[in-house]
>>> print(open('start_24.tsv').read())   # TSV, C-alpha atoms
chain	number	residue	atom	x	y	z
A	1	MET	CA	-31.77	122.01	-67.92
A	2	SER	CA	-29.37	119.10	-67.28
A	3	SER	CA	-28.61	116.37	-69.81
A	4	ASP	CA	-30.56	113.94	-67.61
A	5	ASP	CA	-33.61	116.20	-67.70
A	6	ILE	CA	-33.40	116.43	-71.49
A	7	ILE	CA	-33.26	112.63	-71.77
A	8	ILE	CA	-36.16	112.19	-69.37
A	9	ASN	CA	-38.28	114.74	-71.23
A	10	ARG	CA	-37.63	112.90	-74.50
A	11	LEU	CA	-38.38	109.60	-72.80
A	12	ALA	CA	-41.72	110.91	-71.55
A	13	MET	CA	-42.76	111.57	-75.14
A	14	ARG	CA	-41.94	107.97	-76.11
A	15	LEU	CA	-43.76	106.31	-73.21
A	16	LEU	CA	-47.38	105.21	-73.30
A	17	THR	CA	-49.62	107.83	-71.71
A	18	ALA	CA	-51.95	105.19	-70.24
A	19	PRO	CA	-51.45	101.62	-69.07
A	20	PRO	CA	-51.42	99.25	-72.05
A	21	PRO	CA	-54.53	97.09	-72.45
A	22	MET	CA	-54.39	93.40	-71.57
A	23	PRO	CA	-53.15	91.58	-74.69
A	24	GLU	CA	-54.99	88.59	-76.08
A	25	VAL	CA	-53.61	85.57	-74.25
A	26	HIS	CA	-52.90	83.67	-77.47
A	27	THR	CA	-50.58	86.48	-78.63
A	28	LEU	CA	-48.33	86.37	-75.56
A	29	VAL	CA	-44.83	84.91	-75.87
A	30	PRO	CA	-42.99	84.39	-72.55
A	31	ASP	CA	-39.37	85.44	-72.08
A	32	TRP	CA	-38.53	81.75	-71.67
A	33	ALA	CA	-40.63	78.72	-72.50
A	34	PRO	CA	-41.93	76.74	-69.49
A	35	THR	CA	-41.94	72.95	-69.66
A	36	GLN	CA	-45.71	72.81	-69.17
A	37	PRO	CA	-48.31	75.12	-70.75
A	38	PHE	CA	-49.95	77.60	-68.39
A	39	SER	CA	-53.16	76.37	-66.81
A	40	ARG	CA	-54.45	79.80	-65.76
A	41	PRO	CA	-54.59	83.34	-67.17
A	42	PRO	CA	-51.52	85.58	-66.75
A	43	VAL	CA	-51.14	87.30	-63.38
A	44	PRO	CA	-51.12	91.12	-63.80
A	45	ALA	CA	-48.16	92.78	-62.09
A	46	ALA	CA	-46.44	96.15	-62.07
A	47	VAL	CA	-42.95	97.44	-61.36
A	48	LEU	CA	-41.77	100.98	-60.74
A	49	ILE	CA	-38.79	102.28	-62.71
A	50	ALA	CA	-38.04	105.21	-60.42
A	51	LEU	CA	-35.76	107.98	-61.68
A	52	ILE	CA	-34.43	109.59	-58.52
A	53	ARG	CA	-33.28	113.20	-58.68
A	54	ARG	CA	-29.96	113.58	-56.87
A	55	PRO	CA	-27.60	116.59	-56.76
A	56	GLU	CA	-25.06	114.72	-58.89
A	57	GLY	CA	-27.67	113.55	-61.42
A	58	HIS	CA	-30.56	111.12	-61.74
A	59	THR	CA	-30.31	107.51	-60.60
A	60	VAL	CA	-32.46	104.41	-61.06
A	61	LEU	CA	-33.64	102.65	-57.89
A	62	TYR	CA	-33.32	98.91	-57.31
A	63	THR	CA	-33.96	96.59	-54.39
A	64	GLU	CA	-32.25	93.42	-53.30
A	65	ARG	CA	-34.93	90.99	-52.22
A	66	SER	CA	-34.82	89.44	-48.77
A	67	PRO	CA	-33.01	86.06	-48.63
A	68	ASP	CA	-35.96	84.73	-46.61
A	69	LEU	CA	-38.51	85.13	-49.41
A	70	ARG	CA	-39.85	81.98	-51.04
A	71	ALA	CA	-39.57	83.28	-54.62
A	72	HIS	CA	-36.55	85.05	-56.17
A	73	SER	CA	-34.85	85.45	-52.79
A	74	GLY	CA	-31.72	87.59	-52.85
A	75	GLN	CA	-32.26	88.75	-56.42
A	76	VAL	CA	-32.21	92.36	-57.57
A	77	ALA	CA	-35.59	93.76	-58.57
A	78	PHE	CA	-37.53	96.93	-59.18
A	79	PRO	CA	-40.12	97.77	-56.51
A	80	GLY	CA	-43.32	96.07	-57.55
A	81	GLY	CA	-45.54	93.03	-57.40
A	82	LYS	CA	-48.96	91.68	-58.23
A	83	VAL	CA	-51.82	94.08	-58.96
A	84	ASP	CA	-54.35	93.78	-56.12
A	85	ALA	CA	-58.09	94.05	-56.55
A	86	ALA	CA	-58.03	97.30	-54.54
A	87	ASP	CA	-55.50	98.93	-56.89
A	88	THR	CA	-57.12	101.34	-59.34
A	89	ASP	CA	-54.53	100.55	-62.03
A	90	VAL	CA	-50.95	99.35	-62.51
A	91	ALA	CA	-49.55	102.73	-61.44
A	92	ALA	CA	-51.38	102.49	-58.13
A	93	ALA	CA	-50.03	98.97	-57.66
A	94	ALA	CA	-46.44	100.02	-58.39
A	95	LEU	CA	-46.63	103.01	-56.06
A	96	ARG	CA	-48.23	100.95	-53.29
A	97	GLU	CA	-45.48	98.36	-53.56
A	98	ALA	CA	-42.77	101.05	-53.58
A	99	PHE	CA	-44.15	102.49	-50.36
A	100	GLU	CA	-44.47	99.05	-48.74
A	101	GLU	CA	-40.99	97.94	-49.79
A	102	VAL	CA	-38.84	101.06	-49.30
A	103	GLY	CA	-41.13	103.77	-47.85
A	104	MET	CA	-41.31	105.83	-51.04
A	105	GLU	CA	-43.87	108.58	-50.46
A	106	ARG	CA	-46.58	108.96	-53.10
A	107	ALA	CA	-46.33	112.75	-52.91
A	108	ASP	CA	-42.67	112.56	-54.03
A	109	VAL	CA	-43.51	110.67	-57.23
A	110	ARG	CA	-44.61	111.87	-60.66
A	111	VAL	CA	-45.60	109.11	-63.07
A	112	ILE	CA	-44.45	110.07	-66.58
A	113	GLY	CA	-45.68	107.05	-68.52
A	114	PHE	CA	-45.82	103.33	-69.11
A	115	MET	CA	-43.80	100.80	-71.07
A	116	PRO	CA	-45.28	97.88	-73.03
A	117	THR	CA	-46.05	94.77	-71.03
A	118	TYR	CA	-43.48	92.04	-70.44
A	119	PHE	CA	-44.63	88.41	-70.21
A	120	THR	CA	-42.57	86.06	-68.07
A	121	GLY	CA	-42.01	82.33	-68.16
A	122	THR	CA	-43.65	82.19	-64.74
A	123	ASN	CA	-46.93	83.55	-66.19
A	124	TYR	CA	-46.72	87.13	-64.92
A	125	LEU	CA	-47.71	89.99	-67.20
A	126	ILE	CA	-45.65	92.95	-65.99
A	127	THR	CA	-46.34	96.59	-66.80
A	128	PRO	CA	-43.35	98.86	-66.11
A	129	VAL	CA	-44.43	102.23	-64.67
A	130	VAL	CA	-41.85	104.98	-65.17
A	131	ALA	CA	-41.72	107.90	-62.74
A	132	THR	CA	-39.51	110.72	-61.56
A	133	VAL	CA	-38.95	111.01	-57.82
A	134	GLU	CA	-37.80	113.92	-55.68
A	135	PRO	CA	-37.32	112.12	-52.35
A	136	SER	CA	-38.28	113.92	-49.19
A	137	GLY	CA	-36.37	111.43	-47.07
A	138	PRO	CA	-34.24	108.28	-47.25
A	139	PHE	CA	-35.53	105.00	-48.64
A	140	VAL	CA	-35.80	102.43	-45.85
A	141	PRO	CA	-36.02	98.73	-46.76
A	142	ASN	CA	-38.91	96.75	-45.31
A	143	PRO	CA	-36.98	93.85	-43.75
A	144	GLY	CA	-39.80	91.41	-44.48
A	145	GLU	CA	-39.40	91.93	-48.22
A	146	VAL	CA	-36.21	93.84	-48.99
A	147	HIS	CA	-32.67	93.23	-47.83
A	148	SER	CA	-31.23	96.45	-49.23
A	149	VAL	CA	-31.94	99.30	-51.62
A	150	PHE	CA	-29.43	100.87	-53.99
A	151	GLU	CA	-29.29	103.27	-56.92
A	152	VAL	CA	-27.45	103.13	-60.24
A	153	PRO	CA	-26.60	106.38	-62.05
A	154	LEU	CA	-28.90	106.95	-65.01
A	155	GLN	CA	-25.93	107.63	-67.26
A	156	ARG	CA	-24.55	104.18	-66.45
A	157	ILE	CA	-27.91	102.60	-67.29
A	158	LEU	CA	-27.94	104.44	-70.63
A	159	SER	CA	-24.44	103.31	-71.64
A	160	PRO	CA	-24.46	100.16	-73.83
A	161	GLU	CA	-21.07	99.23	-72.36
A	162	SER	CA	-22.80	98.56	-69.02
A	163	TYR	CA	-24.55	95.45	-70.37
A	164	GLY	CA	-23.21	91.94	-70.51
A	165	GLU	CA	-24.83	88.53	-70.86
A	166	PHE	CA	-26.07	86.26	-68.07
A	167	ARG	CA	-26.60	82.56	-68.75
A	168	ILE	CA	-28.61	80.10	-66.70
A	169	LYS	CA	-29.91	76.58	-67.34
A	170	ARG	CA	-33.53	75.63	-66.75
A	171	ASP	CA	-34.63	72.05	-67.32
A	172	GLY	CA	-31.46	71.41	-69.27
A	173	LYS	CA	-31.93	74.37	-71.61
A	174	GLU	CA	-29.72	77.44	-71.60
A	175	HIS	CA	-31.50	80.74	-71.02
A	176	ARG	CA	-29.82	84.10	-71.62
A	177	THR	CA	-30.63	87.51	-70.21
A	178	TRP	CA	-28.94	90.87	-69.97
A	179	GLN	CA	-26.64	91.48	-67.01
A	180	ILE	CA	-25.47	94.68	-65.31
A	181	ASP	CA	-22.85	94.70	-62.54
A	182	HIS	CA	-22.73	97.72	-60.27
A	183	ASP	CA	-21.01	98.26	-56.94
A	184	GLY	CA	-21.15	94.59	-55.94
A	185	HIS	CA	-24.70	94.05	-57.19
A	186	ARG	CA	-25.52	91.81	-60.14
A	187	ILE	CA	-28.70	92.70	-62.01
A	188	TRP	CA	-29.93	89.93	-64.33
A	189	GLY	CA	-33.07	88.17	-65.49
A	190	ILE	CA	-36.34	90.06	-65.83
A	191	THR	CA	-35.00	93.17	-64.08
A	192	ALA	CA	-32.00	93.45	-66.40
A	193	ASN	CA	-34.18	92.80	-69.46
A	194	LEU	CA	-36.61	95.54	-68.40
A	195	THR	CA	-33.69	97.87	-67.69
A	196	ARG	CA	-32.35	97.29	-71.19
A	197	ARG	CA	-35.80	97.91	-72.72
A	198	PHE	CA	-36.00	101.13	-70.70
A	199	ARG	CA	-32.54	102.13	-71.92
A	200	ASP	CA	-33.36	101.45	-75.57
A	201	LEU	CA	-36.60	103.41	-75.30
A	202	ALA	CA	-34.87	106.34	-73.59
A	203	MET	CA	-32.23	106.43	-76.32
A	204	GLY	CA	-34.75	106.07	-79.13
A	205	GLU	CA	-33.31	102.75	-80.27
A	206	ALA	CA	-35.01	99.51	-81.26
A	207	VAL	CA	-35.51	97.15	-78.34
A	208	SER	CA	-32.67	94.64	-78.29
>>> encode(input="start_24.tsv", output="structure tokens")
Amino acid sequence: MSSDDIIINRLAMRLLTAPPPMPEVHTLVPDWAPTQPFSRPPVPAAVLIALIRRPEGHTVLYTERSPDLRAHSGQVAFPGGKVDAADTDVAAAALREAFEEVGMERADVRVIGFMPTYFTGTNYLITPVVATVEPSGPFVPNPGEVHSVFEVPLQRILSPESYGEFRIKRDGKEHRTWQIDHDGHRIWGITANLTRRFRDLAMGEAVS
């Protein structure tokens, strides 16, 4: 068994075995405070943290969003999106989005667990779905949603030296997130924060 497999097996024991229940709205604290209070309930969403088995070791899959999208254009993200009424749960939503965005086949995926929800300053309640993937073919970006797809070695994700700090101003206030630079791609914001939470969970460390 490889070192990656050992880490993933340990991770699976630390993940939630079922999607976390919807928290009470009054208990939710967003990752950054919006200028106006939310006027509607949080929007349920799901992302797929896909651990891709490669001959040289596992990788984590990311997408670069299309520059033509209205929201978060050009940013790096995990496959994912809003949970639709037809989705049976957050795992179904994440897998549907992964197929729509990069052609990931459901038969290639094994969901190993769920991470706690993440509440955003844009009123999305995100459930990260963690899965191992043995791809039967290449991942092909859907040009309507995804500009490119790339993978970062799992060992790089697990190294604390891979993480820096990204700063951005919103409404005159400075907001900080984690940042990861890899092969010309800059991962920041929600995606970097979720990556760091994944890393801390995999390593058995307190979420930072």
>>> residues_around(input="start_24.tsv", residues="segment 43-59 of chain A", least_positions_apart="6", cutoff="7 Å", atoms="all atoms listed in the file", output="list in words")
Asp4, Phe78, Pro79, Gly80, Gly81, Lys82, Val83, Val90, Ala93, Ala94, Asn123, Tyr124, Leu125, Ile126, Thr127, Pro128, Val129, Val130, Ala131, Thr132, Val133, Glu134, Glu151, Val152, Pro153 and Leu154 of chain A
>>> closest_residue(input="start_24.tsv", among="A:Ile7, A:Val102, A:Leu28, A:Ala206", to="Glu64 of chain A", atoms="all atoms listed in the file")
A:Val102
>>> residues_near_point(input="start_24.tsv", point="(-30.1, 89.1, -61.5)", cutoff="6 Å", atoms="all atoms listed in the file", output="PyMOL selection string")
chain A and resi 75-76+186-189
>>> closest_residue(input="start_24.tsv", among="A:Met104, A:Ile6, A:Val146, A:Leu158", to="Ala77 of chain A", atoms="all atoms listed in the file")
A:Val146
>>> atom_distance(input="start_24.tsv", atom1="atom CA of Trp178 of chain A", atom2="atom CA of Glu165 of chain A")
4.8 Å
>>> closest_residue(input="start_24.tsv", among="A:Gly144, A:Pro20, A:Pro138, A:Pro160", to="Arg197 of chain A", atoms="all atoms listed in the file")
A:Pro160
>>> atom_distance(input="start_24.tsv", atom1="atom CA of Thr122 of chain A", atom2="atom CA of Pro30 of chain A")
8.1 Å
>>> atom_distance(input="start_24.tsv", atom1="atom CA of Ala33 of chain A", atom2="atom CA of Ala18 of chain A")
28.9 Å
>>> closest_residue(input="start_24.tsv", among="A:Glu145, A:Asp31, A:Asp89, A:Asp84", to="Gly103 of chain A", atoms="only C-alpha atoms")
A:Glu145
>>> closest_residue(input="start_24.tsv", among="A:Phe198, A:Phe150, A:Phe38, A:Phe139", to="Ala98 of chain A", atoms="only C-alpha atoms")
A:Phe139
>>> closest_residue(input="start_24.tsv", among="A:Tyr62, A:Gly184, A:Met115, A:Arg176", to="Ala202 of chain A", atoms="only C-alpha atoms")
A:Met115
>>> build_atoms(input="start_24.tsv", residues="segment 17-40 of chain A", atoms="N, CA and C atoms", output="mmCIF file, in the coordinates of the input")
data_model
loop_
_atom_site.group_PDB
_atom_site.id
_atom_site.type_symbol
_atom_site.label_atom_id
_atom_site.label_comp_id
_atom_site.auth_asym_id
_atom_site.auth_seq_id
_atom_site.Cartn_x
_atom_site.Cartn_y
_atom_site.Cartn_z
ATOM 1 N N THR A 17 -49.011 106.881 -72.632
ATOM 2 C CA THR A 17 -49.620 107.830 -71.710
ATOM 3 C C THR A 17 -50.630 107.178 -70.772
ATOM 4 N N ALA A 18 -51.020 105.946 -71.078
ATOM 5 C CA ALA A 18 -51.950 105.190 -70.240
ATOM 6 C C ALA A 18 -51.468 103.750 -70.169
ATOM 7 N N PRO A 19 -51.858 103.023 -69.149
ATOM 8 C CA PRO A 19 -51.450 101.620 -69.070
ATOM 9 C C PRO A 19 -51.889 100.857 -70.312
ATOM 10 N N PRO A 20 -51.026 100.007 -70.856
ATOM 11 C CA PRO A 20 -51.420 99.250 -72.050
ATOM 12 C C PRO A 20 -52.550 98.281 -71.733
ATOM 13 N N PRO A 21 -53.448 98.045 -72.691
ATOM 14 C CA PRO A 21 -54.530 97.090 -72.450
ATOM 15 C C PRO A 21 -53.993 95.669 -72.328
ATOM 16 N N MET A 22 -54.766 94.808 -71.695
ATOM 17 C CA MET A 22 -54.390 93.400 -71.570
ATOM 18 C C MET A 22 -54.349 92.762 -72.949
ATOM 19 N N PRO A 23 -53.209 92.214 -73.372
ATOM 20 C CA PRO A 23 -53.150 91.580 -74.690
ATOM 21 C C PRO A 23 -53.997 90.307 -74.733
ATOM 22 N N GLU A 24 -54.345 89.889 -75.921
ATOM 23 C CA GLU A 24 -54.990 88.590 -76.080
ATOM 24 C C GLU A 24 -54.012 87.510 -75.645
ATOM 25 N N VAL A 25 -54.498 86.577 -74.836
ATOM 26 C CA VAL A 25 -53.610 85.570 -74.250
ATOM 27 C C VAL A 25 -52.872 84.797 -75.333
ATOM 28 N N HIS A 26 -53.536 84.491 -76.434
ATOM 29 C CA HIS A 26 -52.900 83.670 -77.470
ATOM 30 C C HIS A 26 -51.758 84.399 -78.174
ATOM 31 N N THR A 27 -51.650 85.713 -77.989
ATOM 32 C CA THR A 27 -50.580 86.480 -78.630
ATOM 33 C C THR A 27 -49.337 86.593 -77.751
ATOM 34 N N LEU A 28 -49.422 86.177 -76.500
ATOM 35 C CA LEU A 28 -48.330 86.370 -75.560
ATOM 36 C C LEU A 28 -47.229 85.325 -75.759
ATOM 37 N N VAL A 29 -45.995 85.798 -75.771
ATOM 38 C CA VAL A 29 -44.830 84.910 -75.870
ATOM 39 C C VAL A 29 -43.964 85.168 -74.641
ATOM 40 N N PRO A 30 -43.777 84.165 -73.777
ATOM 41 C CA PRO A 30 -42.990 84.390 -72.550
ATOM 42 C C PRO A 30 -41.515 84.573 -72.852
ATOM 43 N N ASP A 31 -40.803 85.187 -71.886
ATOM 44 C CA ASP A 31 -39.370 85.440 -72.080
ATOM 45 C C ASP A 31 -38.565 84.143 -72.091
ATOM 46 N N TRP A 32 -39.092 83.091 -71.502
ATOM 47 C CA TRP A 32 -38.530 81.750 -71.670
ATOM 48 C C TRP A 32 -39.669 80.745 -71.605
ATOM 49 N N ALA A 33 -39.523 79.664 -72.338
ATOM 50 C CA ALA A 33 -40.630 78.720 -72.500
ATOM 51 C C ALA A 33 -40.681 77.751 -71.318
ATOM 52 N N PRO A 34 -41.805 77.712 -70.576
ATOM 53 C CA PRO A 34 -41.930 76.740 -69.490
ATOM 54 C C PRO A 34 -42.103 75.331 -70.052
ATOM 55 N N THR A 35 -41.827 74.337 -69.207
ATOM 56 C CA THR A 35 -41.940 72.950 -69.660
ATOM 57 C C THR A 35 -43.386 72.520 -69.840
ATOM 58 N N GLN A 36 -44.291 73.123 -69.081
ATOM 59 C CA GLN A 36 -45.710 72.810 -69.170
ATOM 60 C C GLN A 36 -46.474 74.069 -69.561
ATOM 61 N N PRO A 37 -47.509 73.944 -70.400
ATOM 62 C CA PRO A 37 -48.310 75.120 -70.750
ATOM 63 C C PRO A 37 -49.026 75.676 -69.512
ATOM 64 N N PHE A 38 -49.288 76.967 -69.529
ATOM 65 C CA PHE A 38 -49.950 77.600 -68.390
ATOM 66 C C PHE A 38 -51.390 77.108 -68.278
ATOM 67 N N SER A 39 -51.808 76.874 -67.047
ATOM 68 C CA SER A 39 -53.160 76.370 -66.810
ATOM 69 C C SER A 39 -54.108 77.453 -66.320
ATOM 70 N N ARG A 40 -53.615 78.693 -66.234
ATOM 71 C CA ARG A 40 -54.450 79.800 -65.760
ATOM 72 C C ARG A 40 -54.066 81.061 -66.518
#
